[in-house]
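What follows is upload.cif (mmCIF, C-alpha atoms).
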data_input
loop_
_atom_site.group_PDB
_atom_site.id
_atom_site.type_symbol
_atom_site.label_atom_id
_atom_site.label_comp_id
_atom_site.auth_asym_id
_atom_site.auth_seq_id
_atom_site.Cartn_x
_atom_site.Cartn_y
_atom_site.Cartn_z
ATOM 1 C CA GLY A 1 38.347 -93.520 99.114
ATOM 2 C CA ALA A 2 35.975 -96.123 97.804
ATOM 3 C CA VAL A 3 32.809 -96.480 99.844
ATOM 4 C CA VAL A 4 30.412 -99.369 100.146
ATOM 5 C CA SER A 5 27.048 -98.660 101.701
ATOM 6 C CA GLN A 6 25.059 -101.486 103.227
ATOM 7 C CA HIS A 7 21.438 -101.077 104.173
ATOM 8 C CA PRO A 8 19.773 -101.625 106.547
ATOM 9 C CA SER A 9 22.308 -101.697 109.351
ATOM 10 C CA TRP A 10 19.957 -103.771 111.448
ATOM 11 C CA VAL A 11 16.616 -105.451 110.916
ATOM 12 C CA ILE A 12 14.223 -107.488 113.019
ATOM 13 C CA CYS A 13 11.724 -109.683 111.262
ATOM 14 C CA LYS A 14 9.263 -112.405 112.078
ATOM 15 C CA SER A 15 9.904 -116.010 111.258
ATOM 16 C CA GLY A 16 8.673 -116.905 107.779
ATOM 17 C CA THR A 17 9.094 -113.473 106.265
ATOM 18 C CA SER A 18 11.746 -112.417 103.753
ATOM 19 C CA VAL A 19 14.342 -109.741 104.244
ATOM 20 C CA LYS A 20 16.326 -107.880 101.608
ATOM 21 C CA ILE A 21 19.759 -106.414 102.296
ATOM 22 C CA GLU A 22 21.312 -103.955 99.866
ATOM 23 C CA CYS A 23 24.970 -103.389 99.141
ATOM 24 C CA ARG A 24 25.907 -100.356 97.077
ATOM 25 C CA SER A 25 29.237 -99.134 95.795
ATOM 26 C CA LEU A 26 28.931 -95.373 95.984
ATOM 27 C CA ASP A 27 31.879 -94.106 94.013
ATOM 28 C CA PHE A 28 33.152 -96.998 91.936
ATOM 29 C CA GLN A 29 31.845 -99.747 89.734
ATOM 30 C CA ALA A 30 31.792 -103.068 91.522
ATOM 31 C CA THR A 31 32.200 -105.863 89.038
ATOM 32 C CA THR A 32 32.320 -108.402 91.835
ATOM 33 C CA MET A 33 30.599 -108.426 95.198
ATOM 34 C CA PHE A 34 30.910 -110.872 98.039
ATOM 35 C CA TRP A 35 28.493 -111.759 100.819
ATOM 36 C CA TYR A 36 29.664 -113.003 104.198
ATOM 37 C CA ARG A 37 27.928 -114.161 107.347
ATOM 38 C CA GLN A 38 29.256 -113.969 110.874
ATOM 39 C CA PHE A 39 27.725 -115.830 113.783
ATOM 40 C CA PRO A 40 28.509 -114.617 117.306
ATOM 41 C CA LYS A 41 32.106 -115.287 118.278
ATOM 42 C CA GLN A 42 32.730 -116.939 114.935
ATOM 43 C CA SER A 43 34.676 -115.844 111.918
ATOM 44 C CA LEU A 44 33.295 -114.253 108.775
ATOM 45 C CA MET A 45 32.247 -116.972 106.415
ATOM 46 C CA LEU A 46 32.041 -116.370 102.688
ATOM 47 C CA MET A 47 28.552 -117.209 101.480
ATOM 48 C CA ALA A 48 28.662 -116.330 97.830
ATOM 49 C CA THR A 49 30.396 -114.390 95.094
ATOM 50 C CA SER A 50 28.404 -112.415 92.570
ATOM 51 C CA ASN A 51 29.541 -110.894 89.322
ATOM 52 C CA GLU A 52 27.467 -108.215 87.678
ATOM 53 C CA GLY A 53 25.000 -109.740 85.257
ATOM 54 C CA SER A 54 25.770 -113.329 86.210
ATOM 55 C CA LYS A 55 24.374 -115.845 88.620
ATOM 56 C CA ALA A 56 26.023 -115.892 92.000
ATOM 57 C CA THR A 57 28.439 -118.641 92.960
ATOM 58 C CA TYR A 58 27.578 -120.075 96.351
ATOM 59 C CA GLU A 59 29.964 -121.665 98.791
ATOM 60 C CA GLN A 60 29.421 -125.236 99.823
ATOM 61 C CA GLY A 61 26.661 -125.560 102.380
ATOM 62 C CA VAL A 62 24.940 -122.278 101.534
ATOM 63 C CA GLU A 63 21.404 -122.728 100.241
ATOM 64 C CA LYS A 64 21.003 -120.690 97.092
ATOM 65 C CA ASP A 65 17.215 -120.880 97.231
ATOM 66 C CA LYS A 66 17.233 -119.432 100.707
ATOM 67 C CA PHE A 67 19.808 -116.722 100.158
ATOM 68 C CA LEU A 68 18.913 -115.079 96.878
ATOM 69 C CA ILE A 69 21.594 -112.821 95.473
ATOM 70 C CA ASN A 70 21.032 -110.350 92.690
ATOM 71 C CA HIS A 71 23.766 -108.236 91.139
ATOM 72 C CA ALA A 72 21.886 -106.514 88.369
ATOM 73 C CA SER A 73 24.020 -103.402 88.134
ATOM 74 C CA LEU A 74 27.628 -102.378 88.672
ATOM 75 C CA THR A 75 26.740 -100.523 91.847
ATOM 76 C CA LEU A 76 24.144 -102.688 93.554
ATOM 77 C CA SER A 77 23.911 -106.209 94.870
ATOM 78 C CA THR A 78 21.107 -107.499 97.049
ATOM 79 C CA LEU A 79 20.865 -110.460 99.386
ATOM 80 C CA THR A 80 17.371 -111.685 100.162
ATOM 81 C CA VAL A 81 16.920 -114.081 103.039
ATOM 82 C CA THR A 82 13.743 -115.927 102.137
ATOM 83 C CA SER A 83 11.421 -117.468 104.695
ATOM 84 C CA ALA A 84 13.743 -116.428 107.478
ATOM 85 C CA HIS A 85 14.028 -118.518 110.620
ATOM 86 C CA PRO A 86 15.678 -117.755 113.955
ATOM 87 C CA GLU A 87 18.761 -119.743 112.931
ATOM 88 C CA ASP A 88 19.293 -117.222 110.124
ATOM 89 C CA SER A 89 19.885 -114.523 112.728
ATOM 90 C CA SER A 90 23.391 -113.352 112.080
ATOM 91 C CA PHE A 91 25.586 -110.483 110.945
ATOM 92 C CA TYR A 92 25.742 -110.180 107.161
ATOM 93 C CA ILE A 93 28.526 -108.218 105.479
ATOM 94 C CA CYS A 94 29.128 -107.411 101.845
ATOM 95 C CA SER A 95 32.304 -106.419 100.109
ATOM 96 C CA ALA A 96 32.841 -105.055 96.642
ATOM 97 C CA ARG A 97 35.698 -105.019 94.232
ATOM 98 C CA GLY A 98 36.253 -102.934 91.162
ATOM 99 C CA THR A 99 37.778 -104.059 87.917
ATOM 100 C CA GLY A 100 41.015 -105.973 88.144
ATOM 101 C CA TYR A 101 41.286 -109.403 89.669
ATOM 102 C CA ASN A 102 43.262 -108.280 92.697
ATOM 103 C CA SER A 103 41.857 -104.811 93.083
ATOM 104 C CA PRO A 104 41.176 -103.989 96.745
ATOM 105 C CA LEU A 105 38.070 -105.165 98.511
ATOM 106 C CA HIS A 106 35.865 -102.545 100.140
ATOM 107 C CA PHE A 107 33.547 -103.656 102.901
ATOM 108 C CA GLY A 108 30.143 -102.471 103.992
ATOM 109 C CA ASN A 109 29.357 -101.893 107.648
ATOM 110 C CA GLY A 110 27.221 -104.998 107.868
ATOM 111 C CA THR A 111 23.599 -105.802 108.662
ATOM 112 C CA ARG A 112 22.484 -107.340 111.936
ATOM 113 C CA LEU A 113 19.521 -109.612 111.206
ATOM 114 C CA THR A 114 17.388 -110.872 114.059
ATOM 115 C CA VAL A 115 14.577 -113.279 113.288
ATOM 116 C CA THR A 116 11.991 -113.689 116.026
ATOM 117 C CA ALA B 117 39.262 -125.494 102.028
ATOM 118 C CA GLN B 118 41.508 -123.156 103.880
ATOM 119 C CA SER B 119 41.060 -122.275 107.559
ATOM 120 C CA VAL B 120 42.543 -119.633 109.826
ATOM 121 C CA SER B 121 43.278 -119.668 113.555
ATOM 122 C CA GLN B 122 43.743 -116.589 115.659
ATOM 123 C CA HIS B 123 44.504 -116.951 119.345
ATOM 124 C CA ASN B 124 44.047 -114.673 122.338
ATOM 125 C CA HIS B 125 40.770 -113.245 121.199
ATOM 126 C CA HIS B 126 40.899 -110.405 123.725
ATOM 127 C CA VAL B 127 44.088 -108.426 124.161
ATOM 128 C CA ILE B 128 44.431 -105.497 126.536
ATOM 129 C CA LEU B 129 47.612 -103.465 126.661
ATOM 130 C CA SER B 130 48.892 -100.030 127.526
ATOM 131 C CA GLU B 131 50.026 -97.367 125.117
ATOM 132 C CA ALA B 132 53.609 -97.785 123.925
ATOM 133 C CA ALA B 133 53.500 -101.524 124.548
ATOM 134 C CA SER B 134 54.370 -103.879 121.731
ATOM 135 C CA LEU B 135 51.665 -105.895 120.049
ATOM 136 C CA GLU B 136 51.890 -109.256 118.362
ATOM 137 C CA LEU B 137 48.865 -111.146 117.099
ATOM 138 C CA GLY B 138 49.235 -114.704 115.961
ATOM 139 C CA CYS B 139 47.714 -116.113 112.806
ATOM 140 C CA ASN B 140 48.066 -119.678 111.594
ATOM 141 C CA TYR B 141 46.420 -121.092 108.538
ATOM 142 C CA SER B 142 45.719 -124.497 107.149
ATOM 143 C CA TYR B 143 45.788 -125.065 103.414
ATOM 144 C CA GLY B 144 47.531 -127.536 101.165
ATOM 145 C CA GLY B 145 48.776 -125.035 98.612
ATOM 146 C CA THR B 146 50.096 -121.537 98.042
ATOM 147 C CA VAL B 147 48.139 -118.751 99.657
ATOM 148 C CA ASN B 148 47.748 -115.019 99.753
ATOM 149 C CA LEU B 149 47.576 -113.571 103.258
ATOM 150 C CA PHE B 150 45.863 -110.508 104.670
ATOM 151 C CA TRP B 151 45.292 -108.613 107.858
ATOM 152 C CA TYR B 152 42.184 -106.470 108.132
ATOM 153 C CA VAL B 153 41.285 -104.036 110.875
ATOM 154 C CA GLN B 154 37.884 -102.870 112.034
ATOM 155 C CA TYR B 155 37.821 -99.752 114.164
ATOM 156 C CA PRO B 156 34.787 -99.237 116.412
ATOM 157 C CA GLY B 157 31.750 -98.405 114.325
ATOM 158 C CA GLN B 158 33.599 -98.662 111.051
ATOM 159 C CA HIS B 159 33.942 -101.141 108.227
ATOM 160 C CA LEU B 160 36.740 -103.613 107.663
ATOM 161 C CA GLN B 161 39.856 -102.065 106.162
ATOM 162 C CA LEU B 162 42.948 -103.669 104.719
ATOM 163 C CA LEU B 163 45.972 -103.305 106.961
ATOM 164 C CA LEU B 164 48.476 -105.222 104.855
ATOM 165 C CA LYS B 165 48.752 -108.155 102.509
ATOM 166 C CA TYR B 166 51.250 -110.701 101.290
ATOM 167 C CA PHE B 167 51.123 -112.143 97.797
ATOM 168 C CA SER B 168 54.774 -112.968 97.121
ATOM 169 C CA GLY B 169 58.293 -111.662 97.591
ATOM 170 C CA ASP B 170 59.728 -110.379 100.865
ATOM 171 C CA PRO B 171 57.990 -112.305 103.643
ATOM 172 C CA LEU B 172 58.199 -109.281 105.921
ATOM 173 C CA VAL B 173 55.366 -107.021 104.880
ATOM 174 C CA LYS B 174 54.893 -103.462 106.046
ATOM 175 C CA GLY B 175 51.419 -102.025 106.201
ATOM 176 C CA ILE B 176 49.719 -98.845 107.233
ATOM 177 C CA LYS B 177 49.969 -97.198 110.649
ATOM 178 C CA GLY B 178 53.259 -98.850 111.566
ATOM 179 C CA PHE B 179 52.026 -102.429 111.369
ATOM 180 C CA GLU B 180 54.038 -105.249 109.867
ATOM 181 C CA ALA B 181 53.549 -108.956 109.421
ATOM 182 C CA GLU B 182 55.894 -111.800 108.705
ATOM 183 C CA PHE B 183 55.009 -114.813 106.614
ATOM 184 C CA ILE B 184 56.769 -117.948 107.842
ATOM 185 C CA LYS B 185 55.897 -120.625 105.358
ATOM 186 C CA SER B 186 57.295 -123.499 107.393
ATOM 187 C CA LYS B 187 55.065 -122.544 110.300
ATOM 188 C CA PHE B 188 52.005 -121.625 108.229
ATOM 189 C CA SER B 189 51.975 -118.366 110.122
ATOM 190 C CA PHE B 190 51.434 -114.709 109.342
ATOM 191 C CA ASN B 191 51.787 -112.877 112.639
ATOM 192 C CA LEU B 192 51.003 -109.200 112.932
ATOM 193 C CA ARG B 193 53.222 -106.856 114.926
ATOM 194 C CA LYS B 194 53.465 -103.260 115.995
ATOM 195 C CA PRO B 195 56.377 -102.118 118.189
ATOM 196 C CA SER B 196 54.518 -99.380 120.026
ATOM 197 C CA VAL B 197 50.745 -99.173 120.057
ATOM 198 C CA GLN B 198 48.584 -96.109 120.455
ATOM 199 C CA TRP B 199 45.123 -95.681 121.901
ATOM 200 C CA SER B 200 43.845 -95.276 118.342
ATOM 201 C CA ASP B 201 44.895 -98.862 117.592
ATOM 202 C CA THR B 202 41.950 -100.080 119.639
ATOM 203 C CA ALA B 203 40.093 -102.227 117.126
ATOM 204 C CA GLU B 204 39.349 -105.741 116.026
ATOM 205 C CA TYR B 205 41.954 -107.392 113.827
ATOM 206 C CA PHE B 206 41.212 -110.188 111.389
ATOM 207 C CA CYS B 207 43.641 -112.436 109.614
ATOM 208 C CA ALA B 208 42.460 -113.803 106.258
ATOM 209 C CA VAL B 209 43.731 -116.273 103.715
ATOM 210 C CA SER B 210 42.892 -116.941 100.105
ATOM 211 C CA PRO B 211 44.296 -119.608 97.781
ATOM 212 C CA GLU B 212 46.835 -117.969 95.505
ATOM 213 C CA ARG B 213 44.919 -118.717 92.335
ATOM 214 C CA TYR B 214 41.937 -116.764 93.700
ATOM 215 C CA GLY B 215 43.819 -113.577 94.480
ATOM 216 C CA ASN B 216 41.862 -111.789 97.185
ATOM 217 C CA ASN B 217 38.687 -113.680 96.428
ATOM 218 C CA ARG B 218 37.525 -116.680 98.438
ATOM 219 C CA LEU B 219 38.803 -115.169 101.668
ATOM 220 C CA ALA B 220 38.679 -117.286 104.807
ATOM 221 C CA PHE B 221 38.837 -115.214 107.969
ATOM 222 C CA GLY B 222 39.946 -115.983 111.484
ATOM 223 C CA LYS B 223 37.710 -115.184 114.442
ATOM 224 C CA GLY B 224 39.489 -111.933 115.093
ATOM 225 C CA ASN B 225 41.440 -110.354 117.938
ATOM 226 C CA GLN B 226 39.758 -107.653 119.961
ATOM 227 C CA VAL B 227 42.554 -105.285 120.966
ATOM 228 C CA VAL B 228 42.028 -102.601 123.579
ATOM 229 C CA VAL B 229 44.777 -100.063 124.170
ATOM 230 C CA ILE B 230 44.599 -98.251 127.475
ATOM 231 C CA PRO B 231 45.867 -94.665 127.434
#

Structure encoded using C-alpha cells:
Amino acid sequence: GAVVSQHPSWVICKSGTSVKIECRSLDFQATTMFWYRQFPKQSLMLMATSNEGSKATYEQGVEKDKFLINHASLTLSTLTVTSAHPEDSSFYICSARGTGYNSPLHFGNGTRLTVT
Amino acid sequence: AQSVSQHNHHVILSEAASLELGCNYSYGGTVNLFWYVQYPGQHLQLLLKYFSGDPLVKGIKGFEAEFIKSKFSFNLRKPSVQWSDTAEYFCAVSPERYGNNRLAFGKGNQVVVIP
C-alpha cells in the first residue's frame, strides 16, 4: 500500500533554532499534503494544506512565518519550525493524498519535537 | 468550524466483549465522517468513512459505524473484539464540500483489549 515516510521521528532542539521536518510519499505522487499538530491529550489539529507547486494554505491561528511549508515536488513536503520556542513542542504529523479530490489520505508516523 | 467530541478516552475490555465508541460532532452543514485507527507504533489508518447513502457503514476488521444525523453522532462498534484491536481510535469530520480535506479530529479513544 501507499507509504508516507516522515523524518525525523523525534528531534530535540534549543530555543531559537529552526527545525525542518520532511514528509515523503514513497510510492505515489502526492498532489496534496497536510500538516497537523497534536498537543498532549489533545486532538490532531490541521495546520495547513499544501499543493505541489503552490503556496500552502494555513488554518486560522497558525503563523505562516513561523511554520514554513514547502511542497516543491510531488513526493516531498517540508515543515520548518523557525525560531522554535518551548511552546512549539508538540507532535507533528503529515498526511498525503494522491490525485483525485477524495483519494485516500496516507499518514506519516509523526515527529515528536521538543524545544528546550 | 467543525468540532468533534469523543468520550471515555481510555477503554479496557476483554477479548470477545463488544465495543462501542461514541463520536459527536458540531457543524452547521453537511459533513463527511471518518474513523481512523492507530495501532501501537504505526501510522493512522482509515477504518471506515461515510460520505452519503446508507448511514450504517461497514469498515475493515469487522468494524461498523452508524451515522445518526439527528444526534450528530457517528458511533463506532465491533461486536466481538480481539487482542489485536488494541489501538487508538480517532473520529474525524470534514465539511462535505471539502471531501476528506479539512479534517477535524476528536481526541481519540485508547482501547486496550485484554486477552

Checklist entry - Which polymer residues have any atom within 9 Å of an atom of Val173 of chain B, counting all atoms listed in the file, with same-chain residues fewer than 6 positions away left out, as a ChimeraX atom specification? => result /B:164-166,179-183

Just say which residues the PyMOL selection byres ((chain A) within 10 of (chain B)) picks in this file, as a PDB file with C-alpha atoms, in the frame of the given file.
ATOM      1  CA  VAL A   3      32.809 -96.480  99.844  1.00  0.00           C
ATOM      2  CA  VAL A   4      30.412 -99.369 100.146  1.00  0.00           C
ATOM      3  CA  SER A   5      27.048 -98.660 101.701  1.00  0.00           C
ATOM      4  CA  THR A  32      32.320-108.402  91.835  1.00  0.00           C
ATOM      5  CA  MET A  33      30.599-108.426  95.198  1.00  0.00           C
ATOM      6  CA  PHE A  34      30.910-110.872  98.039  1.00  0.00           C
ATOM      7  CA  TYR A  36      29.664-113.003 104.198  1.00  0.00           C
ATOM      8  CA  GLN A  38      29.256-113.969 110.874  1.00  0.00           C
ATOM      9  CA  PRO A  40      28.509-114.617 117.306  1.00  0.00           C
ATOM     10  CA  LYS A  41      32.106-115.287 118.278  1.00  0.00           C
ATOM     11  CA  GLN A  42      32.730-116.939 114.935  1.00  0.00           C
ATOM     12  CA  SER A  43      34.676-115.844 111.918  1.00  0.00           C
ATOM     13  CA  LEU A  44      33.295-114.253 108.775  1.00  0.00           C
ATOM     14  CA  MET A  45      32.247-116.972 106.415  1.00  0.00           C
ATOM     15  CA  LEU A  46      32.041-116.370 102.688  1.00  0.00           C
ATOM     16  CA  MET A  47      28.552-117.209 101.480  1.00  0.00           C
ATOM     17  CA  ALA A  48      28.662-116.330  97.830  1.00  0.00           C
ATOM     18  CA  THR A  49      30.396-114.390  95.094  1.00  0.00           C
ATOM     19  CA  GLU A  59      29.964-121.665  98.791  1.00  0.00           C
ATOM     20  CA  ILE A  93      28.526-108.218 105.479  1.00  0.00           C
ATOM     21  CA  SER A  95      32.304-106.419 100.109  1.00  0.00           C
ATOM     22  CA  ARG A  97      35.698-105.019  94.232  1.00  0.00           C
ATOM     23  CA  TYR A 101      41.286-109.403  89.669  1.00  0.00           C
ATOM     24  CA  ASN A 102      43.262-108.280  92.697  1.00  0.00           C
ATOM     25  CA  SER A 103      41.857-104.811  93.083  1.00  0.00           C
ATOM     26  CA  PRO A 104      41.176-103.989  96.745  1.00  0.00           C
ATOM     27  CA  LEU A 105      38.070-105.165  98.511  1.00  0.00           C
ATOM     28  CA  HIS A 106      35.865-102.545 100.140  1.00  0.00           C
ATOM     29  CA  PHE A 107      33.547-103.656 102.901  1.00  0.00           C
ATOM     30  CA  GLY A 108      30.143-102.471 103.992  1.00  0.00           C
ATOM     31  CA  ASN A 109      29.357-101.893 107.648  1.00  0.00           C
ATOM     32  CA  GLY A 110      27.221-104.998 107.868  1.00  0.00           C
TER      33      GLY A 110
END

Item to check | All residues 8 Å or closer to Ile230 of chain B, all atoms listed in the file, same chain fewer than 2 positions away omitted, as a PyMOL selection string | outcome: chain B and resi 128-131+199+228

Checklist entry - Hey, what comes out of the PyMOL selection byres ((chain B and resi 211) around 7) on this file? Could you write it as number ranges by chain? => result B: 146-148, 209-210, 212-215

Next on the checklist: Residues near Leu68 of chain A, anyone? I mean within 12 Å using only C-alpha atoms, not counting same-chain ones fewer than 3 positions away, as a ChimeraX atom specification.
Outcome noted: /A:18-22,35,47-50,55-58,62-65,71,77-84

Emit the selected residues as an mmCIF file, keeping the file's coordinate frame, including C-alpha atoms.
data_model
loop_
_atom_site.group_PDB
_atom_site.id
_atom_site.type_symbol
_atom_site.label_atom_id
_atom_site.label_comp_id
_atom_site.auth_asym_id
_atom_site.auth_seq_id
_atom_site.Cartn_x
_atom_site.Cartn_y
_atom_site.Cartn_z
ATOM 1 C CA SER A 18 11.746 -112.417 103.753
ATOM 2 C CA VAL A 19 14.342 -109.741 104.244
ATOM 3 C CA LYS A 20 16.326 -107.880 101.608
ATOM 4 C CA ILE A 21 19.759 -106.414 102.296
ATOM 5 C CA GLU A 22 21.312 -103.955 99.866
ATOM 6 C CA TRP A 35 28.493 -111.759 100.819
ATOM 7 C CA MET A 47 28.552 -117.209 101.480
ATOM 8 C CA ALA A 48 28.662 -116.330 97.830
ATOM 9 C CA THR A 49 30.396 -114.390 95.094
ATOM 10 C CA SER A 50 28.404 -112.415 92.570
ATOM 11 C CA LYS A 55 24.374 -115.845 88.620
ATOM 12 C CA ALA A 56 26.023 -115.892 92.000
ATOM 13 C CA THR A 57 28.439 -118.641 92.960
ATOM 14 C CA TYR A 58 27.578 -120.075 96.351
ATOM 15 C CA VAL A 62 24.940 -122.278 101.534
ATOM 16 C CA GLU A 63 21.404 -122.728 100.241
ATOM 17 C CA LYS A 64 21.003 -120.690 97.092
ATOM 18 C CA ASP A 65 17.215 -120.880 97.231
ATOM 19 C CA HIS A 71 23.766 -108.236 91.139
ATOM 20 C CA SER A 77 23.911 -106.209 94.870
ATOM 21 C CA THR A 78 21.107 -107.499 97.049
ATOM 22 C CA LEU A 79 20.865 -110.460 99.386
ATOM 23 C CA THR A 80 17.371 -111.685 100.162
ATOM 24 C CA VAL A 81 16.920 -114.081 103.039
ATOM 25 C CA THR A 82 13.743 -115.927 102.137
ATOM 26 C CA SER A 83 11.421 -117.468 104.695
ATOM 27 C CA ALA A 84 13.743 -116.428 107.478
#

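Restricting the calculation to all atoms listed in the file, the smallest distance between Gly100 of chain A and any of A:Ala2, A:Thr116, A:Ala30, A:Cys23 is found for A:Ala30.
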
Return as AutoDock Vina command-line options the box centre and box size in Å, one decimal, for an axis-aligned box around all listed atoms of segment 91-107 of chain A padded by 4 Å per side.
--center_x 34.4 --center_y -106.5 --center_z 99.4 --size_x 25.7 --size_y 15.9 --size_z 31.0

Checklist entry - Nearest to Phe188 of chain B: which of B:Phe150, B:Leu135, B:Ser119, B:Ser142 is it, counting only C-alpha atoms? => result B:Ser142

Checklist entry - Which protein, DNA or RNA residues are at most 8 Å from (16.7, -106.3, 116.2) in the file's coordinates when you count all atoms listed in the file, listed as a ChimeraX atom specification? => result /A:10-13,112-115

Checklist entry - Which value, in Å to one decimal, gives the distance between atom CA of Pro171 of chain B and atom CA of Trp151 of chain B? => result 13.9 Å

Checklist entry - Could you state the separation of atom CA of Thr99 of chain A and atom CA of Tyr141 of chain B in Å, given to one decimal place? => result 28.1 Å

Item to check | Best match for closeness to Thr202 of chain B among B:Gln226, B:Ser168, B:Gln118, B:Ser189, counting only C-alpha atoms | outcome: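 Answer, going by the shortest atom-to-atom distance: B:Gln226.
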
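Separating atom CA of Asp201 of chain B from atom CA of Val153 of chain B is a distance of 9.2 Å.
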